[in-house]
Amino acid sequence: MFLVSQGLAEYNLVTNIPPKGGSCDVTPKTGEELDTIFTFSCSGWQDEHQPLTYEMFYSHPNKSEEYPVSPLNGVLFFFGPSLDSHRAILPTGKKENNYSVNVTIVIRDAYGEYVDKKLRIQVKPAFLILRKKEARISDPK
């Protein structure tokens with residue numbers, strides 16, 4: 001004789017969510033290579049799994065702009081526990097992309113869950129700016 005019994009099993013899965021509620025920005029949005037100092041800042045990010053870390057990558061000059069900037073194909077230029085104000089000089093962007101340089105900021109919690117913010121900055125080559133200045137000086141008007 002077999003006894004039949006019923007049962008119920010329940011699992012509550014709690015997943016980690018990425019940091020939220022913050023913003024990131026850069027000033028200025030346009031500049032010149034080797035001359036303009038860009039200031040990056042992030043604030044307001046919250047997560048229950050502290051500490052947070054911040055990573056910044058810019059698009060590699062030899063990579064196509066079609067690919068998003070990420071830790072796999074970008075150039076790391078900042079890593080730290082906060083990003084209140086980080087100053088950096090960036091390389092020029094490609095002419096065919098209007099001299100745009102893509103920057104991705106990755107905000108991670110203690111368990112590695114992350115959110116990323118993308119910024120697009122125009123960085124013109126220094127020689128282009130010099131030529132325009134020389135043209136204005138030699139212009140007889």
# chains A, B, ... in the order shown; residues from 1 in each chain; ligands from 1
>>> residues_around(residues="Asp84 (chain A)", least_positions_apart="5", cutoff="8 Å", atoms="only C-alpha atoms", output="ChimeraX atom specification")
/A:40-43
>>> residues_around(residues="region 89-105 of chain A", least_positions_apart="3", cutoff="6 Å", atoms="only C-alpha atoms", output="VMD selection string")
chain A and resid 33 37 55 to 59 116 to 125
>>> atom_distance(atom1="CA of Leu72 (chain A)", atom2="CA of Asp109 (chain A)")
19.1 Å
>>> select_by_dssp(residues="region 62-111 of chain A", states="strand (DSSP E)", output="PyMOL selection string")
chain A and resi 74-80+86-88+100-108
>>> write_last_selection(atoms="all heavy atoms", output="short mmCIF file (atom, residue, chain, number, x, y, z; two decimals), in the first residue's frame")
data_model
loop_
_atom_site.label_atom_id
_atom_site.label_comp_id
_atom_site.auth_asym_id
_atom_site.auth_seq_id
_atom_site.Cartn_x
_atom_site.Cartn_y
_atom_site.Cartn_z
N GLY A 74 37.57 49.82 -24.50
CA GLY A 74 37.89 51.21 -24.21
C GLY A 74 39.23 51.34 -23.50
O GLY A 74 39.85 50.36 -23.12
N VAL A 75 39.66 52.57 -23.33
CA VAL A 75 40.90 52.87 -22.63
C VAL A 75 40.54 53.39 -21.24
O VAL A 75 39.86 54.42 -21.12
CB VAL A 75 41.73 53.94 -23.40
CG1 VAL A 75 42.98 54.31 -22.62
CG2 VAL A 75 42.07 53.44 -24.80
N LEU A 76 40.96 52.67 -20.21
CA LEU A 76 40.67 53.06 -18.83
C LEU A 76 41.49 54.30 -18.48
O LEU A 76 42.70 54.31 -18.66
CB LEU A 76 41.01 51.92 -17.87
CG LEU A 76 40.83 52.21 -16.38
CD1 LEU A 76 39.35 52.34 -16.03
CD2 LEU A 76 41.47 51.11 -15.55
N PHE A 77 40.82 55.35 -17.99
CA PHE A 77 41.58 56.52 -17.56
C PHE A 77 41.22 57.00 -16.16
O PHE A 77 41.75 57.98 -15.68
CB PHE A 77 41.50 57.66 -18.59
CG PHE A 77 40.18 58.35 -18.72
CD1 PHE A 77 39.97 59.59 -18.11
CD2 PHE A 77 39.16 57.79 -19.47
CE1 PHE A 77 38.77 60.25 -18.24
CE2 PHE A 77 37.95 58.45 -19.61
CZ PHE A 77 37.75 59.67 -18.99
N PHE A 78 40.31 56.27 -15.49
CA PHE A 78 40.04 56.57 -14.08
C PHE A 78 39.44 55.34 -13.42
O PHE A 78 38.60 54.65 -13.99
CB PHE A 78 39.06 57.74 -13.94
CG PHE A 78 38.71 58.02 -12.50
CD1 PHE A 78 39.54 58.81 -11.71
CD2 PHE A 78 37.58 57.47 -11.93
CE1 PHE A 78 39.23 59.04 -10.37
CE2 PHE A 78 37.25 57.71 -10.60
CZ PHE A 78 38.08 58.49 -9.82
N PHE A 79 39.88 55.09 -12.17
CA PHE A 79 39.28 54.06 -11.32
C PHE A 79 39.39 54.56 -9.89
O PHE A 79 40.47 54.95 -9.45
CB PHE A 79 40.02 52.72 -11.46
CG PHE A 79 39.46 51.66 -10.55
CD1 PHE A 79 38.40 50.87 -10.97
CD2 PHE A 79 39.97 51.47 -9.28
CE1 PHE A 79 37.88 49.90 -10.13
CE2 PHE A 79 39.45 50.50 -8.44
CZ PHE A 79 38.40 49.72 -8.86
N GLY A 80 38.27 54.57 -9.16
CA GLY A 80 38.35 55.04 -7.78
C GLY A 80 37.04 54.90 -7.03
O GLY A 80 36.01 54.53 -7.60
N HIS A 86 37.02 64.77 -11.38
CA HIS A 86 38.25 64.23 -11.96
C HIS A 86 38.57 65.00 -13.23
O HIS A 86 37.73 65.12 -14.12
CB HIS A 86 38.11 62.74 -12.27
CG HIS A 86 39.33 62.17 -12.92
ND1 HIS A 86 40.50 61.98 -12.24
CD2 HIS A 86 39.57 61.80 -14.20
CE1 HIS A 86 41.42 61.48 -13.07
NE2 HIS A 86 40.88 61.37 -14.26
N ARG A 87 39.78 65.51 -13.30
CA ARG A 87 40.21 66.28 -14.46
C ARG A 87 41.06 65.41 -15.38
O ARG A 87 41.89 64.65 -14.90
CB ARG A 87 40.97 67.50 -14.00
CG ARG A 87 40.10 68.42 -13.14
CD ARG A 87 40.89 69.46 -12.43
NE ARG A 87 41.77 70.13 -13.37
CZ ARG A 87 42.17 71.37 -13.27
NH1 ARG A 87 41.79 72.10 -12.26
NH2 ARG A 87 42.97 71.90 -14.16
N ALA A 88 40.83 65.56 -16.69
CA ALA A 88 41.57 64.74 -17.65
C ALA A 88 41.71 65.48 -18.98
O ALA A 88 40.87 66.31 -19.33
CB ALA A 88 40.86 63.41 -17.87
N SER A 100 34.39 63.36 -32.30
CA SER A 100 33.74 62.90 -31.07
C SER A 100 34.54 61.82 -30.38
O SER A 100 35.08 60.93 -31.03
CB SER A 100 32.35 62.37 -31.36
OG SER A 100 31.49 63.41 -31.73
N VAL A 101 34.60 61.93 -29.06
CA VAL A 101 35.19 60.89 -28.21
C VAL A 101 34.08 60.43 -27.28
O VAL A 101 33.44 61.25 -26.60
CB VAL A 101 36.38 61.45 -27.39
CG1 VAL A 101 36.88 60.42 -26.41
CG2 VAL A 101 37.49 61.91 -28.32
N ASN A 102 33.82 59.13 -27.29
CA ASN A 102 32.80 58.58 -26.40
C ASN A 102 33.44 58.18 -25.09
O ASN A 102 34.48 57.52 -25.07
CB ASN A 102 32.14 57.36 -27.04
CG ASN A 102 31.33 57.75 -28.26
OD1 ASN A 102 30.68 58.78 -28.28
ND2 ASN A 102 31.39 56.94 -29.29
N VAL A 103 32.81 58.57 -23.99
CA VAL A 103 33.28 58.21 -22.65
C VAL A 103 32.17 57.43 -21.96
O VAL A 103 31.00 57.82 -22.01
CB VAL A 103 33.64 59.46 -21.82
CG1 VAL A 103 33.95 59.09 -20.38
CG2 VAL A 103 34.82 60.19 -22.45
N THR A 104 32.53 56.30 -21.36
CA THR A 104 31.58 55.52 -20.57
C THR A 104 32.06 55.52 -19.13
O THR A 104 33.23 55.23 -18.85
CB THR A 104 31.48 54.07 -21.09
OG1 THR A 104 30.98 54.10 -22.42
CG2 THR A 104 30.56 53.24 -20.22
N ILE A 105 31.15 55.84 -18.22
CA ILE A 105 31.43 55.80 -16.79
C ILE A 105 30.65 54.62 -16.22
O ILE A 105 29.44 54.52 -16.40
CB ILE A 105 31.01 57.10 -16.09
CG1 ILE A 105 31.74 58.30 -16.73
CG2 ILE A 105 31.29 57.02 -14.59
CD1 ILE A 105 31.28 59.64 -16.25
N VAL A 106 31.37 53.70 -15.58
CA VAL A 106 30.77 52.51 -14.99
C VAL A 106 30.74 52.69 -13.47
O VAL A 106 31.78 52.93 -12.86
CB VAL A 106 31.57 51.24 -15.36
CG1 VAL A 106 30.99 50.01 -14.70
CG2 VAL A 106 31.63 51.07 -16.88
N ILE A 107 29.55 52.57 -12.89
CA ILE A 107 29.38 52.68 -11.44
C ILE A 107 29.02 51.29 -10.94
O ILE A 107 28.00 50.74 -11.33
CB ILE A 107 28.27 53.71 -11.07
CG1 ILE A 107 28.57 55.08 -11.67
CG2 ILE A 107 28.12 53.82 -9.56
CD1 ILE A 107 27.83 55.39 -12.91
N ARG A 108 29.89 50.71 -10.07
CA ARG A 108 29.71 49.32 -9.57
C ARG A 108 29.47 49.30 -8.08
O ARG A 108 30.07 50.06 -7.34
CB ARG A 108 30.97 48.50 -9.82
CG ARG A 108 31.25 48.12 -11.21
CD ARG A 108 32.48 47.19 -11.27
NE ARG A 108 32.97 47.16 -12.62
CZ ARG A 108 32.51 46.34 -13.56
NH1 ARG A 108 31.56 45.49 -13.28
NH2 ARG A 108 33.00 46.38 -14.78
#
>>> atom_distance(atom1="CA of Gln50 (chain A)", atom2="CA of Thr15 (chain A)")
15.7 Å
>>> residues_around(residues="Tyr111 (chain A)", least_positions_apart="4", cutoff="12 Å", atoms="only C-alpha atoms", output="PyMOL selection string")
chain A and resi 15-19+47-53+107
>>> closest_residue(among="A:Lys20, A:Gly31, A:Val69, A:Ala126", to="Glu113 (chain A)", atoms="only C-alpha atoms")
A:Lys20
>>> atom_distance(atom1="CA of Gly21 (chain A)", atom2="CA of Gly44 (chain A)")
6.0 Å
